[in-house]
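Note: the block below is coords_7.txt and it holds compact mmCIF, C-alpha atoms.
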```txt
# COMPACT_ATOMS: atom_id res chain seq x y z
CA MET A 1 -45.44 4.77 -50.97
CA ILE A 2 -43.23 7.02 -48.85
CA ALA A 3 -44.96 9.90 -47.10
CA ARG A 4 -43.30 13.30 -47.33
CA LEU A 5 -43.08 15.48 -44.25
CA SER A 6 -43.40 19.23 -44.42
CA PRO A 7 -40.58 21.38 -42.98
CA THR A 8 -42.88 22.44 -40.15
CA SER A 9 -43.69 18.83 -39.20
CA LEU A 10 -40.02 17.83 -39.39
CA ALA A 11 -38.99 20.75 -37.19
CA TRP A 12 -41.66 19.82 -34.63
CA MET A 13 -40.49 16.19 -34.58
CA LEU A 14 -36.88 17.29 -34.06
CA PHE A 15 -37.97 19.62 -31.27
CA SER A 16 -39.91 16.82 -29.57
CA ALA A 17 -36.93 14.49 -29.84
CA SER A 18 -34.55 17.05 -28.37
CA ALA A 19 -36.99 17.78 -25.53
CA GLN A 20 -36.69 14.16 -24.47
CA ALA A 21 -32.89 14.18 -24.67
CA SER A 22 -30.95 13.41 -21.54
CA TYR A 23 -27.31 13.43 -20.50
CA VAL A 24 -25.83 10.62 -18.43
CA ILE A 25 -23.90 11.70 -15.33
CA GLU A 26 -20.84 9.47 -15.60
CA GLY A 27 -19.75 9.74 -11.97
CA LEU A 28 -23.14 8.48 -10.76
CA SER A 29 -23.62 5.67 -13.30
CA PHE A 30 -22.24 2.25 -14.16
CA GLY A 31 -23.02 -0.57 -16.59
CA HIS A 32 -24.57 1.75 -19.19
CA LYS A 33 -21.68 1.48 -21.68
CA GLY A 34 -19.76 -1.76 -21.57
CA ALA A 35 -17.92 -3.24 -18.60
CA ILE A 36 -18.93 -2.11 -15.12
CA SER A 37 -15.37 -1.99 -13.77
CA PRO A 38 -12.21 -1.05 -15.70
CA ASN A 39 -10.01 -3.27 -13.50
CA GLY A 40 -12.40 -5.87 -12.05
CA ARG A 41 -11.78 -4.66 -8.48
CA ALA A 42 -13.88 -1.50 -8.02
CA VAL A 43 -16.57 0.64 -9.62
CA PRO A 44 -15.34 4.20 -10.27
CA GLY A 45 -17.25 6.69 -8.12
CA TRP A 46 -18.98 4.00 -6.03
CA HIS A 47 -18.31 2.17 -2.75
CA LEU A 48 -19.06 -1.57 -2.58
CA SER A 49 -19.49 -3.39 0.75
CA GLY A 50 -20.94 -6.60 2.14
CA GLU A 51 -21.90 -8.46 5.30
CA ASN A 52 -21.10 -12.18 5.80
CA HIS A 53 -19.68 -12.19 2.25
CA THR A 54 -17.96 -9.99 -0.32
CA PRO A 55 -20.17 -8.85 -3.22
CA GLN A 56 -18.92 -10.26 -6.51
CA LEU A 57 -18.00 -7.80 -9.25
CA LEU A 58 -18.29 -9.21 -12.78
CA SER A 59 -17.89 -7.50 -16.13
CA ASP A 60 -21.64 -7.09 -16.72
CA ARG A 61 -23.19 -7.31 -13.24
CA ILE A 62 -22.72 -6.91 -9.50
CA ILE A 63 -23.91 -9.83 -7.36
CA LEU A 64 -24.96 -8.17 -4.10
CA THR A 65 -26.14 -11.43 -2.47
CA PRO A 66 -25.05 -14.89 -3.67
CA PRO A 67 -27.32 -17.94 -4.21
CA ALA A 68 -25.77 -19.52 -1.14
CA PRO A 69 -25.37 -19.28 1.80
CA GLY A 70 -28.26 -17.35 3.32
CA GLY A 71 -28.17 -14.44 5.74
CA THR A 72 -25.94 -12.23 3.58
CA ARG A 73 -26.10 -8.54 2.71
CA GLY A 74 -24.51 -6.34 0.06
CA ALA A 75 -24.64 -2.67 -0.87
CA ILE A 76 -23.18 -0.15 -3.30
CA PHE A 77 -23.40 3.62 -2.76
CA ALA A 78 -22.25 6.59 -4.83
CA ASP A 79 -19.35 8.60 -3.47
CA ASN A 80 -20.79 11.93 -4.64
CA PRO A 81 -24.31 13.41 -4.47
CA ILE A 82 -26.36 14.50 -7.43
CA THR A 83 -26.49 18.28 -7.82
CA GLN A 84 -29.35 18.59 -10.31
CA PRO A 85 -32.92 19.05 -9.01
CA GLU A 86 -34.40 17.02 -11.89
CA TRP A 87 -33.06 13.60 -12.81
CA VAL A 88 -33.91 10.16 -14.18
CA VAL A 89 -32.48 6.83 -13.00
CA GLU A 90 -32.69 3.73 -15.17
CA THR A 91 -31.55 0.54 -13.50
CA GLU A 92 -31.67 -3.16 -14.35
CA PHE A 93 -31.71 -5.94 -11.75
CA ARG A 94 -32.49 -9.63 -11.47
CA ALA A 95 -33.55 -11.89 -8.56
CA SER A 96 -33.24 -15.66 -8.71
CA GLY A 97 -33.14 -18.47 -6.19
CA GLN A 98 -35.02 -21.38 -4.65
CA GLU A 99 -38.75 -21.90 -4.96
CA ARG A 100 -39.36 -20.39 -1.54
CA GLY A 101 -36.40 -18.00 -1.57
CA SER A 102 -36.86 -14.54 -0.11
CA GLY A 103 -35.10 -11.29 0.60
CA ASN A 104 -35.41 -7.71 -0.60
CA LEU A 105 -33.71 -5.22 -2.89
CA ASN A 106 -33.64 -1.55 -1.83
CA PHE A 107 -32.96 1.53 -3.97
CA TRP A 108 -31.93 4.53 -1.87
CA PHE A 109 -31.84 8.30 -2.33
CA VAL A 110 -30.64 9.61 1.05
CA ASP A 111 -28.90 12.69 2.33
CA THR A 112 -25.84 11.09 3.96
CA GLY A 113 -25.38 8.08 1.71
CA ARG A 114 -23.89 4.88 3.06
CA SER A 115 -23.21 6.36 6.51
CA ALA A 116 -26.98 6.38 7.18
CA VAL A 117 -27.86 3.06 5.52
CA GLY A 118 -24.81 0.81 5.20
CA GLN A 119 -26.04 -2.68 4.22
CA SER A 120 -29.45 -2.22 5.86
CA SER A 121 -32.82 -2.96 4.32
CA ILE A 122 -36.03 -1.02 4.87
CA TYR A 123 -36.76 -3.21 7.91
CA THR A 124 -33.35 -2.81 9.60
CA VAL A 125 -32.45 0.80 8.79
CA GLY A 126 -32.72 3.40 11.52
CA LYS A 127 -33.37 7.08 10.88
CA PHE A 128 -32.69 8.36 7.36
CA ASP A 129 -33.69 11.37 5.30
CA GLY A 130 -34.79 10.58 1.76
CA LEU A 131 -36.48 7.97 -0.44
CA ALA A 132 -36.38 4.18 -0.43
CA LEU A 133 -37.85 1.90 -3.13
CA VAL A 134 -38.21 -1.70 -1.97
CA VAL A 135 -38.57 -4.77 -4.19
CA ASP A 136 -39.69 -7.81 -2.18
CA GLN A 137 -42.40 -10.46 -1.92
CA TYR A 138 -44.85 -8.31 0.03
CA GLY A 139 -48.41 -8.87 -1.19
CA PRO A 140 -50.30 -11.86 -2.56
CA ARG A 141 -49.11 -11.66 -6.20
CA GLY A 142 -45.53 -12.86 -5.96
CA GLY A 143 -43.90 -9.53 -5.21
CA SER A 144 -44.27 -5.75 -5.22
CA ILE A 145 -42.45 -2.45 -5.55
CA ARG A 146 -43.13 0.04 -2.76
CA GLY A 147 -41.98 3.56 -1.97
CA PHE A 148 -41.07 4.92 1.48
CA LEU A 149 -40.23 8.47 2.53
CA ASN A 150 -38.61 9.69 5.73
CA ASP A 151 -37.50 13.11 6.92
CA GLY A 152 -35.07 11.71 9.49
CA SER A 153 -37.54 11.63 12.34
CA ALA A 154 -38.88 8.05 12.07
CA ASN A 155 -36.78 5.09 13.14
CA PHE A 156 -37.81 2.30 10.80
CA LYS A 157 -35.88 -0.34 12.71
CA ASP A 158 -37.96 0.21 15.85
CA HIS A 159 -41.29 0.86 14.10
CA HIS A 160 -44.05 -1.65 14.92
CA ASN A 161 -45.41 -1.75 11.34
CA VAL A 162 -43.00 -0.55 8.64
CA ASP A 163 -45.24 -1.77 5.79
CA SER A 164 -47.90 0.78 6.74
CA LEU A 165 -45.47 3.66 5.98
CA ALA A 166 -45.43 3.03 2.22
CA PHE A 167 -46.87 5.93 0.17
CA GLY A 168 -47.13 4.05 -3.16
CA HIS A 169 -46.83 0.54 -4.54
CA CYS A 170 -47.54 -1.80 -7.43
CA ASP A 171 -47.56 -5.57 -7.78
CA TYR A 172 -44.61 -7.04 -9.65
CA ALA A 173 -43.53 -10.70 -9.75
CA TYR A 174 -39.79 -10.20 -10.09
CA ARG A 175 -38.28 -13.58 -9.10
CA ASN A 176 -36.79 -16.09 -11.59
CA LEU A 177 -37.86 -14.23 -14.72
CA GLY A 178 -34.76 -15.33 -16.63
CA ARG A 179 -34.06 -11.73 -17.69
CA PRO A 180 -33.20 -8.43 -15.99
CA SER A 181 -36.06 -6.24 -14.80
CA LYS A 182 -35.96 -2.58 -15.84
CA LEU A 183 -36.84 0.01 -13.23
CA ARG A 184 -37.12 3.72 -14.07
CA ILE A 185 -37.31 6.49 -11.45
CA GLU A 186 -37.99 10.06 -12.54
CA ASN A 187 -37.91 13.12 -10.31
CA GLY A 188 -38.83 16.54 -11.65
CA HIS A 189 -41.35 19.34 -11.76
CA HIS A 190 -44.10 16.77 -12.41
CA GLY A 191 -43.31 14.97 -9.15
CA LEU A 192 -41.99 11.45 -8.61
CA ARG A 193 -42.75 8.70 -11.12
CA VAL A 194 -41.75 5.01 -10.98
CA ASP A 195 -42.06 2.63 -13.98
CA VAL A 196 -41.09 -1.02 -14.29
CA ASP A 197 -40.53 -2.82 -17.61
CA GLY A 198 -42.05 0.16 -19.42
CA THR A 199 -45.28 0.03 -17.38
CA PRO A 200 -46.26 2.74 -14.83
CA CYS A 201 -45.95 1.55 -11.24
CA PHE A 202 -46.94 4.61 -9.18
CA HIS A 203 -46.78 8.38 -9.46
CA SER A 204 -47.10 11.29 -7.05
CA GLU A 205 -47.13 14.96 -8.05
CA LYS A 206 -46.75 16.02 -4.41
CA ILE A 207 -43.20 14.64 -4.07
CA ASN A 208 -40.20 16.60 -5.30
CA LEU A 209 -36.88 15.29 -4.03
CA PRO A 210 -34.17 17.93 -3.39
CA PRO A 211 -30.64 17.86 -4.88
CA GLY A 212 -27.56 17.02 -2.85
CA TYR A 213 -28.59 13.46 -1.92
CA PHE A 214 -26.77 10.17 -2.62
CA PHE A 215 -27.88 7.17 -4.70
CA GLY A 216 -27.40 3.62 -3.41
CA VAL A 217 -28.58 0.02 -3.73
CA SER A 218 -28.67 -2.59 -0.96
CA ALA A 219 -29.84 -6.20 -0.86
CA ALA A 220 -30.57 -8.62 1.96
CA ALA A 221 -31.11 -12.39 1.71
CA SER A 222 -32.87 -14.56 4.29
CA GLU A 223 -32.11 -18.13 5.33
CA ASN A 224 -33.68 -19.28 2.04
CA PRO A 225 -31.74 -16.76 -0.04
CA ASP A 226 -32.38 -14.96 -3.29
CA SER A 227 -29.45 -13.88 -5.44
CA PHE A 228 -29.83 -10.17 -6.23
CA GLU A 229 -27.84 -8.88 -9.22
CA VAL A 230 -27.58 -5.31 -10.53
CA TYR A 231 -26.67 -4.92 -14.22
CA LYS A 232 -27.00 -1.20 -14.72
CA PHE A 233 -27.50 2.07 -12.87
CA ALA A 234 -27.63 5.14 -15.10
CA ALA A 235 -28.42 8.56 -13.64
CA SER A 236 -29.11 11.29 -16.16
CA THR A 237 -30.43 14.83 -16.36
CA THR A 238 -33.34 15.84 -18.52
CA ASN A 239 -33.08 18.41 -21.30
CA SER A 240 -34.30 21.18 -19.01
CA ILE A 241 -31.18 20.80 -16.86
CA THR A 242 -27.74 21.48 -18.23
CA ARG A 243 -24.88 19.06 -17.99
CA GLU A 244 -22.08 19.62 -15.53
CA GLU A 245 -20.64 22.87 -16.89
CA PRO A 246 -17.60 24.85 -15.66
CA ASN A 247 -18.47 27.31 -12.95
CA THR A 248 -19.43 30.86 -13.83
CA GLU A 249 -16.20 32.37 -12.50
CA ALA A 250 -14.08 30.11 -14.70
CA LYS A 251 -16.15 30.98 -17.78
CA ARG A 252 -15.86 34.71 -17.00
CA GLN A 253 -12.06 34.46 -16.75
CA HIS A 254 -12.00 32.55 -20.03
CA LEU A 255 -13.93 35.31 -21.78
CA GLU A 256 -11.59 37.91 -20.32
CA LYS A 257 -8.64 36.07 -21.87
CA LEU A 258 -10.43 35.96 -25.23
CA ASP A 259 -11.03 39.71 -25.05
CA LYS A 260 -7.28 40.30 -25.18
CA PHE A 261 -7.09 38.93 -28.75
CA PRO A 262 -7.74 41.08 -31.83
CA GLY A 263 -11.31 40.75 -32.97
CA SER A 264 -12.45 39.67 -29.53
CA PRO A 265 -15.92 41.27 -29.88
CA GLU A 266 -16.66 38.40 -32.27
CA SER A 267 -15.95 35.79 -29.57
CA LEU A 268 -19.18 34.23 -28.31
CA PRO A 269 -20.04 33.63 -24.64
CA ASP A 270 -20.81 30.10 -23.43
CA ALA A 271 -24.46 29.10 -23.74
CA ASP A 272 -26.49 26.58 -21.75
CA ALA A 273 -27.82 23.56 -23.59
CA SER A 274 -31.35 24.46 -22.53
CA THR A 275 -31.27 27.50 -24.83
CA ILE A 276 -30.78 25.36 -27.94
CA LEU A 277 -34.25 24.04 -28.64
CA ASP A 278 -34.06 22.78 -32.25
CA GLN A 279 -31.64 22.02 -35.05
CA THR A 280 -31.94 25.51 -36.50
CA HIS A 281 -30.68 27.11 -33.30
CA GLN A 282 -28.05 24.40 -32.98
CA PHE A 283 -26.77 25.02 -36.52
CA ALA A 284 -26.75 28.78 -36.01
CA ASP A 285 -24.83 28.47 -32.75
CA LEU A 286 -22.31 26.06 -34.32
CA HIS A 287 -21.92 28.30 -37.39
CA ASN A 288 -21.29 31.41 -35.30
CA ARG A 289 -18.75 29.65 -33.10
CA LEU A 290 -16.86 28.21 -36.10
CA GLN A 291 -16.83 31.62 -37.75
CA ALA A 292 -15.53 33.28 -34.57
CA MET A 293 -12.87 30.58 -34.28
CA ASN A 294 -11.83 31.20 -37.90
CA HIS A 295 -11.48 34.92 -37.19
CA GLN A 296 -9.30 34.19 -34.19
CA ILE A 297 -7.06 31.90 -36.26
CA VAL A 298 -6.67 34.60 -38.93
CA ASN A 299 -5.78 37.13 -36.24
CA MET A 300 -3.19 34.76 -34.80
CA TYR A 301 -1.55 34.32 -38.21
CA GLY A 302 -1.45 38.10 -38.61
CA GLU A 303 0.16 38.42 -35.19
CA PHE A 304 2.79 35.81 -36.08
CA GLU A 305 3.60 37.64 -39.33
CA ARG A 306 4.03 40.94 -37.47
CA LEU A 307 6.36 39.32 -34.92
CA SER A 308 8.36 37.74 -37.74
CA ARG A 309 8.92 41.14 -39.41
CA GLN A 310 9.99 42.67 -36.11
CA LEU A 311 12.52 39.88 -35.52
CA ASN A 312 13.96 40.27 -39.03
CA ASP A 313 14.32 44.04 -38.62
CA ARG A 314 15.97 43.59 -35.23
CA HIS A 315 18.41 41.04 -36.66
CA ALA A 316 19.35 43.36 -39.53
CA GLU A 317 19.94 46.23 -37.08
CA LEU A 318 22.25 44.15 -34.88
CA MET A 319 24.24 42.92 -37.88
CA ALA A 320 24.69 46.50 -39.06
CA LYS A 321 25.97 47.57 -35.64
CA VAL A 322 28.52 44.75 -35.54
CA ALA A 323 29.72 45.33 -39.12
CA GLY A 324 30.49 49.01 -38.51
CA PRO A 325 30.29 52.00 -40.87
CA ASN A 326 32.66 50.59 -43.54
CA ALA A 327 30.33 47.65 -44.39
CA GLY A 328 27.87 48.18 -47.19
CA ASP A 329 27.15 51.60 -48.67
CA SER A 330 29.49 54.26 -47.31
CA SER A 331 26.87 56.87 -48.02
CA ASP A 332 24.68 55.51 -45.17
CA LYS A 333 25.58 58.09 -42.55
CA SER A 334 23.09 56.85 -39.97
CA GLN A 335 25.23 53.79 -39.21
CA GLN A 336 28.57 55.62 -38.77
CA PRO A 337 28.14 56.83 -35.17
CA THR A 338 27.34 53.32 -34.04
CA GLY A 339 30.42 51.88 -35.83
CA GLU A 340 32.68 54.57 -34.31
CA ALA A 341 31.35 53.72 -30.87
CA LEU A 342 32.68 50.18 -31.33
CA LEU A 343 36.24 51.30 -32.29
CA PRO A 344 37.55 51.74 -28.68
CA LEU A 345 36.53 48.20 -27.89
CA SER A 346 38.40 46.93 -30.96
CA ARG A 347 41.56 48.83 -29.93
CA ARG A 348 41.42 47.32 -26.42
CA VAL A 349 41.24 43.85 -27.88
CA GLU A 350 44.27 44.56 -30.08
CA ASN A 351 46.29 45.84 -27.06
CA ILE A 352 45.49 42.66 -25.12
CA GLU A 353 46.66 40.54 -28.06
CA ARG A 354 49.98 42.45 -28.24
CA ILE A 355 50.61 41.98 -24.48
CA VAL A 356 49.96 38.26 -24.70
CA LEU A 357 52.33 37.89 -27.68
CA ALA A 358 55.08 39.80 -25.82
CA ILE A 359 54.77 37.53 -22.79
CA GLN A 360 54.92 34.48 -25.03
CA ARG A 361 58.11 35.70 -26.78
CA ASP A 362 59.77 36.56 -23.44
CA VAL A 363 59.09 33.09 -22.05
CA GLU A 364 60.28 31.31 -25.17
CA GLY A 365 63.44 33.48 -25.69
CA LYS A 366 65.18 33.28 -22.27
CA ASP A 367 67.59 30.51 -21.20
CA TYR A 368 66.90 29.16 -17.72
CA ARG A 369 69.82 26.69 -17.56
CA GLU A 370 71.97 29.02 -15.39
CA HIS A 371 69.15 29.35 -12.84
CA LEU A 372 68.76 25.59 -12.69
CA THR A 373 72.54 25.07 -12.15
CA ASN A 374 72.62 27.54 -9.24
CA LEU A 375 69.61 25.80 -7.66
CA GLN A 376 71.32 22.42 -7.95
CA GLN A 377 74.51 23.75 -6.31
CA SER A 378 72.54 25.16 -3.39
CA ILE A 379 70.87 21.80 -2.79
CA GLU A 380 74.26 19.99 -2.83
CA GLY A 381 75.67 22.46 -0.26
CA VAL A 382 72.79 21.83 2.14
CA ARG A 383 73.17 18.07 1.80
CA GLY A 384 77.01 18.25 2.38
CA GLY A 385 76.59 20.28 5.57
CA LEU A 386 74.21 17.71 7.00
CA THR A 387 76.62 14.84 6.23
CA GLU A 388 79.60 16.64 7.81
CA HIS A 389 78.10 17.76 11.13
CA LEU A 390 75.66 14.96 11.87
CA PRO A 391 78.33 12.27 12.93
CA GLU A 392 79.94 14.68 15.39
CA THR A 393 76.59 15.40 16.97
CA ILE A 394 75.86 11.71 17.28
CA ALA A 395 79.37 11.03 18.78
CA HIS A 396 78.86 13.48 21.65
CA THR A 397 75.59 11.92 22.73
CA PRO A 398 75.63 9.46 25.76
CA LYS A 399 75.99 5.80 24.86
CA MET A 400 73.03 3.50 25.19
CA GLY A 401 75.05 0.77 27.03
CA MET A 402 75.91 3.08 29.88
CA PHE A 403 72.28 4.01 30.31
CA ILE A 404 71.21 0.38 30.49
CA PHE A 405 73.95 -0.39 33.08
CA VAL A 406 72.82 2.43 35.36
CA VAL A 407 69.22 1.21 35.24
CA ILE A 408 70.16 -2.39 36.12
CA ALA A 409 72.47 -1.28 38.98
CA PHE A 410 69.69 0.82 40.45
CA GLN A 411 67.27 -2.13 40.40
CA VAL A 412 69.90 -4.40 42.12
CA MET A 413 70.38 -1.83 44.88
CA LEU A 414 66.63 -1.67 45.47
CA ALA A 415 66.43 -5.46 45.69
CA GLY A 416 69.34 -5.64 48.23
CA ALA A 417 67.77 -2.96 50.43
CA TYR A 418 64.46 -4.84 50.44
CA ILE A 419 66.16 -8.12 51.48
CA ILE A 420 68.04 -6.42 54.36
CA TYR A 421 64.78 -4.84 55.54
CA LYS A 422 62.98 -8.19 55.65
CA ARG A 423 65.80 -9.91 57.63
CA ARG A 424 65.92 -7.18 60.28
CA ARG A 425 62.19 -7.33 60.74
CA ALA A 426 62.25 -11.10 61.14
CA ASN A 427 64.96 -10.93 63.87
CA ALA A 428 63.25 -8.20 65.84
CA PRO A 429 61.68 -9.22 69.26
CA LYS A 430 57.93 -10.06 69.15
CA LYS A 431 55.46 -8.13 71.24
CA TYR A 432 52.28 -9.75 72.53
CA LEU A 433 49.23 -8.09 73.99
```
How does the structure come out when it is put into structure tokens?
Amino acid sequence: MIARLSPTSLAWMLFSASAQASYVIEGLSFGHKGAISPNGRAVPGWHLSGENHTPQLLSDRIILTPPAPGGTRGAIFADNPITQPEWVVETEFRASGQERGSGNLNFWFVDTGRSAVGQSSIYTVGKFDGLALVVDQYGPRGGSIRGFLNDGSANFKDHHNVDSLAFGHCDYAYRNLGRPSKLRIENGHHGLRVDVDGTPCFHSEKINLPPGYFFGVSAAASENPDSFEVYKFAASTTNSITREEPNTEAKRQHLEKLDKFPGSPESLPDADASTILDQTHQFADLHNRLQAMNHQIVNMYGEFERLSRQLNDRHAELMAKVAGPNAGDSSDKSQQPTGEALLPLSRRVENIERIVLAIQRDVEGKDYREHLTNLQQSIEGVRGGLTEHLPETIAHTPKMGMFIFVVIAFQVMLAGAYIIYKRRRANAPKKYL
């Protein structure tokens, strides 16, 4: 037998379901919908780093520390902070290794992100401002989950007893389970709450973490290492916090643009998701927006039709001006002044055509053979004058043989004078000091 629910009960169930709705913040999440990395080399919006090894990025997990060797570290931190004051983080991890393997897995929520933590664990980090959740083998029951807070004043690396600084904990045997462990962290107006595998771990109503901090995960393995793997990290906002919406200034400008359309009073302003509490309000909001959109589409079609009529009228007016007063009905006196105004332009065009035709006839009708004959005779006269006078000019120029003879005779005279000078100097009496 199928039980029937009253409309009131159904509405209350829908309201309860919507109150628990949440919206994943894509830039601060990975592994919640398919492959972790789109290219196998990086996680969008996150920074991956390691010490003594490179963390391995697979399609469904990130191996922060490998099964071997020991003494390795790995970390992944978000590039951007979370801006909502209330949030929920759901993460899945797994630890596996030798029988006596050890190490720790740290979940961070700190103000400066990886610059304050790097690949550190809760025992090696210095001063930080924020929250740290540590999964390790502290305690007698095979492991635990503990929470640590710091306002930036305590240096955990130099502290003599870091374990005493934990504000909450629960026992949890996390190693070699053969399945991922599910950790849930919730921060809101009810304080801070931590659950593991659907079971409450610890809760404090006195803690309310501020927005603007960075998420991160780090792992450290000892000489007998544990392999720490992260399968999922999904940060989401609760129903009381809206998703990342455009800023108020952008929405205001958008509404101003809508106001310029006909029927703009029917355009609806943007509404926050927190104002829609049940399906009735959701349907009413959707109906109103679709109706306003339909009105805008009708107005746009009307505007297009008006522009089309204006273009047709303008086209008809231009055609009438070009055709002149004689086209169409001669009784239309309103078009005659415009046609008469175009007559001077038509006459100018006709005058230009007549001038061009006259030039063409003049060029084609004249005989230029006489001019060409006179030009040829002038060229022959110039060439004959050059042929007649050039030999006489060349004949009166000195001969080249005479010039060569004078040069050689001058050189012989110089040589004879030099020889005579040398002989006289040789026969001259010698003087000794």
message: What's the separation between CA of Leu105 in chain A and CA of Ala154 in chain A, in Å to one decimal place?
response: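 About the pair CA of Leu105 in chain A and CA of Ala154 in chain A: they are 20.7 Å apart.
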| said: Using all atoms listed in the file for the distances, tell me which of A:Leu64, A:Ile25, A:Val407, A:Ala166 is nearest to Trp87 in chain A. | reply: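 Ranking A:Leu64, A:Ile25, A:Val407, A:Ala166 by distance to Trp87 in chain A, first place goes to A:Ile25.
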Notebook entry, point to check: Hey, can you check how far CA of Pro140 in chain A sits from CA of Cys170 in chain A?
Noted result: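 We find that CA of Pro140 in chain A and CA of Cys170 in chain A lie 11.5 Å from each other.
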Do a neighbour search on range 112-114 of chain A at 12 Å with all atoms listed in the file, toss out local chain neighbours closer than 4 positions, and write the hits as a PyMOL selection string. chain A and resi 46-50+74-82+107-108+118-121+125+127-132+152+212-218
Closest of A:Gly31, A:Gly139, A:Gly381, A:Gly97 to Thr65 in chain A, counting only C-alpha atoms, is A:Gly97
